[in-house]
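Scroll down for the structure; my scribbles are underneath it.
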Amino acid sequence: MRSDPGVRFLLLVAAAFLTAEAQQPASPYAGSEACQACHEDIYNAFAKGAHRGIENDEKHGWKGQACESCHGPGQKHVESAAAADIQNPAKMGAAQADKVCLSCHLHEPTRVGRLDSGHAKNQVACTACHKIHTTGPELTALRKASTINAQCTSCHQGVWAQFQKPFRHKLPEGAMSCVDCHNPHGNIRPAMMQTFAANEPGCFHCHGDKRGPFTFEHGPVRFEGCGTCHEPHGSSNPRMLVRHEVRLVCLECHASLPGAGPGGVIGVVPPSFHDLRSARFQNCTVCHQKIHGSYVDRNLLR
């Protein structure tokens with residue numbers, strides 16, 4: 001009995017499909033369940049973290065392969081159980097580890113200026129601050145001010161010492177954190193300072209009354225920023241100035257400059273209009289009250 005041509009065609013197609021499937025190379029990915037078999041504690045901690053959504057990420061092709069999205073294909077490691085057959089971002093160089101993290105986080109606003117920042121230049125990797133497998137109350141990203149400050153001061157101990165001075169921002173009390181002023185992921189401003197209104201100093205987030213614009217501006221405020229006169233981390237001056245007396249800050253710029261008196265100069269011995277031997281001239285802000293800028297007086301008197 002002759003076979004049906006349609007049946008023979010289907011058999012040939014099925015045979016071709018099975019042959020092609022047999023010739024395809026095995027997938028290098030083992031899947032998260034294979035990782036869980038040996039790393040159950042890490043797997044359970046990861047399931048509570050911010051990256052747990054990767055396990056169901058079909059858009060980027062990581063569904064069921066969350067561990068391998070960072071550690072790379074794991075089938076070879078499953079078969080050999082050798083540490084050399086899997087990549088570990090925590091043991092990689094800073095540039096290599098950052099490349100793994102930035103494969104997903106590259107186009108986020110907080111990464112602007114990463115390549116220009118001190119952390120990147122000093123080879124501080126993302127994994128130095130972010131613990132992906134952490135089992136504590138704050139997973140992956142730090143949220144509490146006290147926790148953030150402890151993380152930053154583990155490296156910046158000299159800065160933390162400045163916060164022990166009598167006048168400072170309230171970081172030791174936990175009312176603020178370092179990231180309120182600094183962007184740890186990088187910024188185009190010096191010292192990775194946070195910005196306000198696109199490109200102005202982040203100080204204006206809290207001190208908006210000093211922003212202006214003023215009709216008569218004080219040059220350092222406009223061009224050099226708050227750090228010209230103020231020490232943001234801590235000072236012996238109640239106004240957190242870089243010197244313990246107001247006049248010493250002013251005289252760094254205003255000594256031996258043309259004064260208001262005929263032929264006089266500011267800040268030196270007579271015939272100066274401002275005789276600094278007199279107590280009434282030893283505190284500049286008694287008269288020049290609007291030192292950040294004025295709307296009505298070019299001498300910043302009011």
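Residue numbering restarts at 1 in every chain; chains get A, B, ... in the order shown in the structure tokens, and ligands count up from 1 in that same order.
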
Going by DSSP on the backbone, which bits of range 55-147 of chain A are alpha helix (DSSP H)? Write them as an MDAnalysis selection string, please.
chainID A and resid 66:71 75:80 94:105 118:121 145:147

Which one of A:Cys126, A:Val159, A:Ile291, A:Ala175 sits closest to Arg211 in chain A if you count only C-alpha atoms?
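Ranked by minimum distance to Arg211 in chain A, first place goes to A:Ile291.
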
My list of candidates is A:Ala90, A:Ala66, A:Pro73, A:Ser32. Which is closest to Lys131 in chain A when distances are computed with only C-alpha atoms?
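Smallest distance to Lys131 in chain A is found for A:Ala90.
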
Where does DSSP see strand (DSSP E) in range 45-286 of chain A, if you list the residues as a ChimeraX atom specification?
/A:195-196,200-201,216-217

Filtering to N, CA and C atoms, could you give me those residues as a PDB file, in the first residue's frame?
ATOM      1  N   THR A 195      23.272  69.912  42.204  1.00  0.00           N
ATOM      2  CA  THR A 195      22.916  71.160  41.535  1.00  0.00           C
ATOM      3  C   THR A 195      21.472  71.529  41.844  1.00  0.00           C
ATOM      4  N   PHE A 196      21.204  72.808  41.677  1.00  0.00           N
ATOM      5  CA  PHE A 196      19.859  73.337  41.878  1.00  0.00           C
ATOM      6  C   PHE A 196      19.460  74.100  40.627  1.00  0.00           C
ATOM      7  N   GLU A 200      23.007  75.524  39.115  1.00  0.00           N
ATOM      8  CA  GLU A 200      23.424  76.356  40.241  1.00  0.00           C
ATOM      9  C   GLU A 200      23.796  75.471  41.426  1.00  0.00           C
ATOM     10  N   PRO A 201      24.552  76.017  42.390  1.00  0.00           N
ATOM     11  CA  PRO A 201      24.994  75.197  43.524  1.00  0.00           C
ATOM     12  C   PRO A 201      23.819  74.606  44.295  1.00  0.00           C
ATOM     13  N   PHE A 216      22.537  94.293  42.727  1.00  0.00           N
ATOM     14  CA  PHE A 216      23.959  94.489  43.016  1.00  0.00           C
ATOM     15  C   PHE A 216      24.476  93.199  43.637  1.00  0.00           C
ATOM     16  N   GLU A 217      25.289  92.494  42.921  1.00  0.00           N
ATOM     17  CA  GLU A 217      25.758  91.188  43.354  1.00  0.00           C
ATOM     18  C   GLU A 217      27.111  91.264  44.024  1.00  0.00           C
TER      19      GLU A 217
END

Here is a test: counting only C-alpha atoms, which residue of A:Glu55, A:Glu231, A:Asp85, A:Asp275 is nearest to Phe163 in chain A?
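With only C-alpha atoms as the atom set, the closest residue is A:Glu231.
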
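Nearest to His169 in chain A of all the residues A:Gly293, A:Gly61, A:Gly31, A:Gly234 is A:Gly234, counting only C-alpha atoms.
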
Measuring atom to atom with only C-alpha atoms, identify which of A:Thr134, A:Ser294, A:Thr147, A:Thr285 is nearest to His51 in chain A.
A:Thr134

Just want the 12 Å neighbourhood of Glu33 in chain A, counted on only C-alpha atoms, with same-chain residues fewer than 3 positions away dropped. Output as a PyMOL selection string.
chain A and resi 29-30+36-40+43-44+55+63-68+74-75+78

Check the smallest atom-to-atom distance from each of A:Lys59, A:Arg222, A:Lys165, A:Arg280 to Arg247 in chain A using only C-alpha atoms, then report the winner.
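The answer is A:Arg280, which sits nearest to Arg247 in chain A.
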